[in-house]
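Text of the file query_31.cif, holding mmCIF, C-alpha atoms:
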data_structure
loop_
_atom_site.label_atom_id
_atom_site.label_comp_id
_atom_site.auth_asym_id
_atom_site.auth_seq_id
_atom_site.Cartn_x
_atom_site.Cartn_y
_atom_site.Cartn_z
CA MET F 1 13.69 18.86 146.81
CA ALA F 2 11.00 19.42 144.16
CA PRO F 3 9.99 23.01 143.40
CA PRO F 4 6.53 24.08 144.55
CA SER F 5 3.76 23.28 142.12
CA GLY F 6 1.49 25.89 140.54
CA CYS F 7 -1.26 24.95 143.00
CA SER F 8 1.11 25.60 145.91
CA PHE F 9 1.86 29.08 144.60
CA LEU F 10 -1.88 29.75 144.34
CA VAL F 11 -2.47 28.59 147.91
CA ILE F 12 0.45 30.67 149.22
CA GLY F 13 -0.78 33.71 147.29
CA ALA F 14 -4.32 33.29 148.61
CA LEU F 15 -3.03 33.02 152.18
CA GLY F 16 -0.98 36.17 151.68
CA VAL F 17 -3.99 38.12 150.41
CA PHE F 18 -6.07 36.84 153.35
CA ALA F 19 -3.39 37.89 155.84
CA LEU F 20 -3.11 41.35 154.31
CA ASP F 21 -6.89 41.74 154.38
CA CYS F 22 -7.04 40.74 158.05
CA PHE F 23 -4.22 43.15 158.86
CA ALA F 24 -5.96 46.00 157.05
CA THR F 25 -9.21 45.27 158.87
CA ALA F 26 -7.42 45.21 162.20
CA GLN F 27 -5.76 48.53 161.39
CA LYS F 28 -9.01 50.29 160.53
CA ASN F 29 -8.95 53.68 162.21
CA SER F 30 -11.71 55.43 164.10
CA THR F 31 -12.40 59.15 164.30
CA LEU F 32 -11.97 61.12 167.51
CA ILE F 33 -12.91 64.78 167.83
CA PHE F 34 -12.30 66.72 170.99
CA THR F 35 -13.00 70.30 171.96
CA LYS F 36 -10.95 72.13 174.56
CA GLU F 37 -10.32 75.81 175.22
CA ASN F 38 -12.15 76.99 172.08
CA THR F 39 -10.19 74.66 169.81
CA ILE F 40 -11.35 71.60 167.90
CA ARG F 41 -8.97 68.72 167.24
CA LYS F 42 -9.90 66.01 164.75
CA CYS F 43 -7.96 62.77 165.06
CA SER F 44 -7.63 59.42 163.34
CA CYS F 45 -6.83 56.72 165.90
CA SER F 46 -5.75 53.12 165.33
CA ALA F 47 -6.53 52.17 168.96
CA ASP F 48 -9.06 53.14 171.59
CA ILE F 49 -7.97 56.09 173.72
CA ARG F 50 -9.04 56.49 177.33
CA ASP F 51 -11.82 59.08 177.60
CA CYS F 52 -10.66 62.68 178.01
CA ASP F 53 -6.96 61.82 177.94
CA TYR F 54 -5.96 64.67 175.64
CA SER F 55 -2.23 64.11 175.95
CA LEU F 56 -2.51 60.46 174.99
CA ALA F 57 -4.73 61.30 172.03
CA ASN F 58 -2.22 63.84 170.70
CA LEU F 59 0.55 61.29 171.18
CA MET F 60 -1.11 58.14 169.79
CA CYS F 61 -3.39 59.55 167.09
CA SER F 62 -2.91 61.60 163.96
CA CYS F 63 -4.57 64.92 164.88
CA LYS F 64 -5.09 68.30 163.31
CA THR F 65 -6.68 71.52 164.54
CA VAL F 66 -9.93 72.56 162.86
CA LEU F 67 -11.24 76.11 163.13
CA PRO F 68 -14.89 76.24 164.30
CA PHE F 69 -16.02 78.19 161.22
CA ALA F 70 -14.19 75.73 158.96
CA VAL F 71 -16.14 72.63 160.09
CA GLU F 72 -17.32 70.90 156.92
CA GLN F 73 -20.48 68.96 156.22
CA THR F 74 -19.49 65.31 156.29
CA SER F 75 -20.72 61.84 157.22
CA TYR F 76 -19.39 59.11 159.49
CA ASN F 77 -20.21 55.54 158.55
CA ASP F 78 -17.98 54.07 161.26
CA HIS F 79 -17.29 54.93 164.88
CA LEU F 80 -17.18 58.58 165.88
CA THR F 81 -16.14 59.64 169.38
CA ILE F 82 -16.44 63.22 170.62
CA TRP F 83 -15.01 64.54 173.88
CA PHE F 84 -16.53 67.82 174.96
CA THR F 85 -16.72 70.16 177.95
CA ASP F 86 -19.80 72.18 176.90
CA THR F 87 -22.32 72.18 174.07
CA SER F 88 -20.99 75.18 172.12
CA ALA F 89 -19.17 73.20 169.41
CA LEU F 90 -21.48 70.19 169.20
CA GLY F 91 -24.07 71.83 166.93
CA PRO F 92 -21.69 72.54 164.03
CA LEU F 93 -20.09 69.11 164.50
CA LEU F 94 -23.25 67.00 164.63
CA ASN F 95 -26.47 68.75 163.61
CA PHE F 96 -27.93 66.90 160.61
CA MET F 97 -24.67 65.06 160.04
CA LEU F 98 -24.93 61.41 159.05
CA VAL F 99 -23.47 59.45 162.00
CA ARG F 100 -24.03 55.70 162.38
CA ASP F 101 -22.22 54.96 165.64
CA LEU F 102 -21.61 57.83 168.06
CA LYS F 103 -19.96 58.07 171.46
CA LEU F 104 -20.18 61.31 173.44
CA SER F 105 -17.90 61.76 176.45
CA LEU F 106 -18.41 64.70 178.81
CA CYS F 107 -14.99 65.80 180.04
CA SER F 108 -16.08 68.35 182.65
CA ALA F 109 -18.46 68.78 185.57
CA ASN F 110 -20.41 71.52 183.78
CA ILE F 111 -24.20 71.55 183.94
CA LEU F 112 -25.51 71.34 180.39
CA PRO F 113 -28.58 73.23 179.15
CA THR F 114 -31.62 71.62 177.58
CA GLU F 115 -30.48 71.81 173.98
CA TYR F 116 -31.20 69.34 171.23
CA LEU F 117 -28.84 67.87 168.68
CA ALA F 118 -30.40 66.56 165.48
CA ILE F 119 -28.46 63.60 164.07
CA CYS F 120 -29.17 61.66 160.89
CA GLY F 121 -29.05 57.89 160.55
CA LEU F 122 -27.94 57.20 164.14
CA LYS F 123 -27.93 53.49 164.91
CA ARG F 124 -26.09 53.35 168.23
CA LEU F 125 -25.33 55.95 170.88
CA ARG F 126 -22.89 55.61 173.76
CA ILE F 127 -22.36 58.21 176.46
CA SER F 128 -19.73 58.58 179.16
CA THR F 129 -20.11 60.97 182.10
CA GLU F 130 -17.19 59.74 184.18
CA ALA F 131 -15.86 63.27 184.67
CA LYS F 132 -19.23 64.30 186.17
CA HIS F 133 -20.73 61.10 187.59
CA PRO F 134 -18.68 57.99 188.46
CA SER F 135 -20.95 55.72 186.46
CA PRO F 136 -20.26 53.18 183.72
CA GLU F 137 -20.62 53.96 180.05
CA GLN F 138 -24.17 53.66 178.72
CA SER F 139 -25.17 52.33 175.32
CA LEU F 140 -28.44 52.60 173.41
CA LEU F 141 -29.41 50.88 170.16
CA ILE F 142 -31.54 53.33 168.21
CA HIS F 143 -32.56 51.37 165.15
CA ASP F 144 -31.52 48.79 162.63
CA GLY F 145 -32.42 50.24 159.26
CA GLY F 146 -32.41 46.88 157.48
CA GLU F 147 -33.44 46.75 153.85
CA ARG F 148 -34.97 50.20 153.82
CA GLU F 149 -31.75 51.89 154.83
CA SER F 150 -29.60 49.80 152.49
CA ARG F 151 -31.62 51.08 149.53
CA GLU F 152 -31.29 54.70 150.55
CA LYS F 153 -28.38 56.86 149.54
CA PRO F 154 -27.96 60.09 151.52
CA MET F 155 -28.54 63.10 149.28
CA LEU F 156 -26.97 66.51 149.67
CA LEU F 157 -29.44 69.34 149.36
CA HIS F 158 -29.70 72.97 150.45
CA GLN F 159 -26.43 74.30 151.81
CA GLY F 160 -24.93 70.82 151.95
CA TRP F 161 -27.31 69.50 154.61
CA GLN F 162 -28.01 65.79 154.57
CA THR F 163 -31.51 64.50 154.11
CA CYS F 164 -32.14 61.22 155.85
CA MET F 165 -35.04 58.98 156.73
CA TYR F 166 -33.99 58.55 160.38
CA ILE F 167 -33.67 61.66 162.56
CA SER F 168 -32.61 61.44 166.22
CA PHE F 169 -33.04 64.33 168.64
CA LEU F 170 -30.65 64.12 171.58
CA ASP F 171 -31.43 66.13 174.73
CA MET F 172 -28.07 67.26 176.06
CA ALA F 173 -29.52 67.76 179.57
CA LEU F 174 -29.39 63.97 179.94
CA PHE F 175 -25.72 64.39 180.89
CA ASN F 176 -26.87 66.11 184.10
CA ARG F 177 -28.72 63.01 185.27
CA GLU F 178 -27.57 59.62 186.50
CA SER F 179 -30.61 57.80 185.11
CA SER F 180 -30.46 55.35 182.23
CA LEU F 181 -30.67 56.41 178.61
CA LYS F 182 -34.19 56.29 177.21
CA SER F 183 -35.72 56.85 173.81
CA TYR F 184 -38.97 56.69 171.92
CA SER F 185 -39.57 56.74 168.19
CA ILE F 186 -42.38 57.92 165.96
CA ALA F 187 -42.45 55.93 162.74
CA ASP F 188 -43.91 56.90 159.36
CA SER F 189 -44.01 60.59 160.15
CA ALA F 190 -44.81 61.97 156.72
CA SER F 191 -45.03 65.61 157.79
CA VAL F 192 -42.14 66.22 160.16
CA ALA F 193 -42.29 70.02 160.16
CA SER F 194 -46.01 70.19 161.00
CA ASN F 195 -45.86 67.40 163.59
CA PHE F 196 -43.04 69.12 165.48
CA PRO F 197 -43.69 72.87 165.00
CA TYR F 198 -41.59 73.91 167.99
CA PHE F 199 -38.38 72.51 166.54
CA SER F 200 -36.79 75.35 164.59
CA TYR F 201 -34.46 72.87 162.84
CA PHE F 202 -37.19 71.97 160.39
CA LYS F 203 -37.48 75.53 159.09
CA THR F 204 -34.15 75.05 157.30
CA PHE F 205 -33.90 71.25 157.09
CA PRO F 206 -34.62 69.99 153.53
CA ILE F 207 -37.82 67.99 154.15
CA LEU F 208 -39.01 65.86 151.24
CA SER F 209 -42.80 65.79 151.02
CA ASN F 210 -42.92 62.36 149.39
CA LYS F 211 -40.85 60.64 152.10
CA SER F 212 -41.79 59.08 155.43
CA TYR F 213 -39.48 59.67 158.38
CA VAL F 214 -38.65 57.88 161.63
CA VAL F 215 -38.11 60.45 164.39
CA THR F 216 -36.45 59.35 167.66
CA PHE F 217 -36.15 61.36 170.86
CA ILE F 218 -33.31 60.40 173.21
CA TYR F 219 -33.37 61.65 176.78
#
Just give me the structure as structure tokens.
Amino acid sequence: MAPPSGCSFLVIGALGVFALDCFATAQKNSTLIFTKENTIRKCSCSADIRDCDYSLANLMCSCKTVLPFAVEQTSYNDHLTIWFTDTSALGPLLNFMLVRDLKLSLCSANILPTEYLAICGLKRLRISTEAKHPSPEQSLLIHDGGERESREKPMLLHQGWQTCMYISFLDMALFNRESSLKSYSIADSASVASNFPYFSYFKTFPILSNKSYVVTFIY
């Protein structure tokens, strides 16, 4: 039997690289954060975990406990899922963080107050209220940044906060209702702070005067 030719080795090598690449893509982990009894657990999961199944998450994912005052400014370019029972920890976890794809799952029957989360760069939002209302998961496409977003690199300014051209305000009281997710956007808002004077966020948010923003309200 003749030994494999040089071309055969190249083909076999290419197939091996392709297989490894596919395997790595399939193994791409997602981030899960859950809050329970005044603790925050941050997990890296290789598979989807059933909402609010804390035991399964601790078993199947790589998790660590994060102290509330030790939450760091970060960004999430892939899927981020957060399980929560009240809104107390959501501000430090999400306010002005860069999150592209977010799922929020309410894991209690608590009534939530009208509080707003301010999230940067949000493209898709999913919510689950199964613990409160036996209704299917809802999904909302916020925006597709296209060329404009691809040219923008998030910058870190004052106290590590992220500036971004897309700001979404999420009304947490929506978890009390069984109605569908809704949103409306205001494009080319060049003066965010003056257009929305009642939002205290903008007193500390690093607004750039030479930039135009897209502001979305989700309710």
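Every protein, DNA or RNA residue with an atom at most 9 Å from F:Ile40, where all atoms listed in the file count and chain neighbours fewer than 5 positions away do not, is listed here: Ile33, Phe34, Thr35, Lys64, Thr65, Val66, Leu67, Pro68 and Ala89 of chain F.
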I'd like to know which of F:Arg100, F:Lys28, F:Lys36, F:Arg50 is closest to F:Lys123, using all atoms listed in the file.
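Distance minimum relative to F:Lys123 lands on F:Arg100.
Candidate residues F:Ala70, F:Lys42, F:Leu117, F:Pro136 were compared for distance to F:Asn58, and the nearest is F:Lys42, using all atoms listed in the file.
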Restrict the calculation to all atoms listed in the file, then for each residue of stretch 32-143 of chain F with any atom at most 7 Å from an atom of stretch 176-190 of chain F give the closest atom pair and their distance in Å to one decimal, rows by chain and rising residue number, as JSON lines.
{"residue": "F:Ile111", "atom": "CA", "partner": "F:Asn176", "partner_atom": "CA", "distance": 6.1}
{"residue": "F:Leu112", "atom": "CA", "partner": "F:Asn176", "partner_atom": "CA", "distance": 6.6}
{"residue": "F:Leu140", "atom": "CA", "partner": "F:Leu181", "partner_atom": "CA", "distance": 6.8}
At a cut-off of 6 Å, using all atoms listed in the file, what residues contact stretch 72-78 of chain F? Leave out same-chain residues fewer than 5 positions from it and give the result as a list in words.
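Near stretch 72-78 of chain F, the qualifying residues are Met97, Leu98, Val99 and Arg100 of chain F.
Take the candidates F:Asp144, F:Leu122, F:Tyr116, F:Lys132 and check each one against F:Tyr219 using all atoms listed in the file; the shortest distance goes to F:Tyr116.
Nearest to F:Leu104 of all the residues F:Cys164, F:Met60, F:Glu37, F:Leu174 is F:Leu174, counting all atoms listed in the file.
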I need the residue nearest F:Glu115 from this list: F:Ser55, F:Leu94, F:Thr216, F:Met172. Use all atoms listed in the file for the distance.
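Answer, going by the shortest atom-to-atom distance: F:Met172.
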Measuring between all atoms listed in the file, which one of F:Thr114, F:Thr87, F:Pro92, F:Ile127 shows the shortest distance to F:Asp51?
F:Ile127
Atomic separation - atom CA of F:Ser105 relative to atom CA of F:Thr81, Å
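Separation between atom CA of F:Thr81 and atom CA of F:Ser105: 7.6 Å.
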Would you list the contacts of F:Leu102 as an mmCIF file with C-alpha atoms, in the frame of the given file, taking every protein, DNA or RNA residue within 8 Å and counting only C-alpha atoms, but skipping same-chain residues closer than 6 positions in sequence?
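Below is the file that was written, around-v6.cif:
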data_model
loop_
_atom_site.group_PDB
_atom_site.id
_atom_site.type_symbol
_atom_site.label_atom_id
_atom_site.label_comp_id
_atom_site.auth_asym_id
_atom_site.auth_seq_id
_atom_site.Cartn_x
_atom_site.Cartn_y
_atom_site.Cartn_z
ATOM 1 C CA HIS F 79 -17.290 54.930 164.880
ATOM 2 C CA LEU F 80 -17.180 58.580 165.880
ATOM 3 C CA THR F 81 -16.140 59.640 169.380
ATOM 4 C CA ILE F 82 -16.440 63.220 170.620
ATOM 5 C CA LEU F 122 -27.940 57.200 164.140
ATOM 6 C CA ARG F 124 -26.090 53.350 168.230
ATOM 7 C CA LEU F 125 -25.330 55.950 170.880
ATOM 8 C CA ARG F 126 -22.890 55.610 173.760
#
Selection result of the PyMOL selection byres ((chain F and resi 47) around 12) on this file, as a tab-separated table (two decimals) with C-alpha atoms, in the frame of the given file:
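Result file follows (part_14.tsv):
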chain	number	residue	atom	x	y	z
F	26	ALA	CA	-7.42	45.21	162.20
F	27	GLN	CA	-5.76	48.53	161.39
F	28	LYS	CA	-9.01	50.29	160.53
F	29	ASN	CA	-8.95	53.68	162.21
F	30	SER	CA	-11.71	55.43	164.10
F	31	THR	CA	-12.40	59.15	164.30
F	32	LEU	CA	-11.97	61.12	167.51
F	43	CYS	CA	-7.96	62.77	165.06
F	44	SER	CA	-7.63	59.42	163.34
F	45	CYS	CA	-6.83	56.72	165.90
F	46	SER	CA	-5.75	53.12	165.33
F	48	ASP	CA	-9.06	53.14	171.59
F	49	ILE	CA	-7.97	56.09	173.72
F	50	ARG	CA	-9.04	56.49	177.33
F	56	LEU	CA	-2.51	60.46	174.99
F	57	ALA	CA	-4.73	61.30	172.03
F	59	LEU	CA	0.55	61.29	171.18
F	60	MET	CA	-1.11	58.14	169.79
F	61	CYS	CA	-3.39	59.55	167.09
F	62	SER	CA	-2.91	61.60	163.96
F	79	HIS	CA	-17.29	54.93	164.88
What does the structure give for the distance between atom CA of F:Val215 and atom CA of F:Phe169, in Å to one decimal?
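Computed distance, atom CA of F:Val215 to atom CA of F:Phe169, equals 7.7 Å.
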Find the axis-aligned box for stretch 134-146 of chain F, covering all its listed atoms and adding 3 Å on each side, and write its centre and edge lengths in Å to one decimal as JSON.
{"center_x": -25.6, "center_y": 52.4, "center_z": 173.0, "size_x": 19.9, "size_y": 17.1, "size_z": 37.0}
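Residues near the point (-32.5, 58.9, 163.7), at a distance of 7 Å or less over all atoms listed in the file, make up Ile119, Cys120, Gly121, Leu122, Tyr166, Ile167, Ser168, Val214, Val215 and Thr216 of chain F.
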Pairwise distance for atom CA of F:Leu170 and atom CA of F:Cys63, rounded to one decimal in Å:
26.9 Å
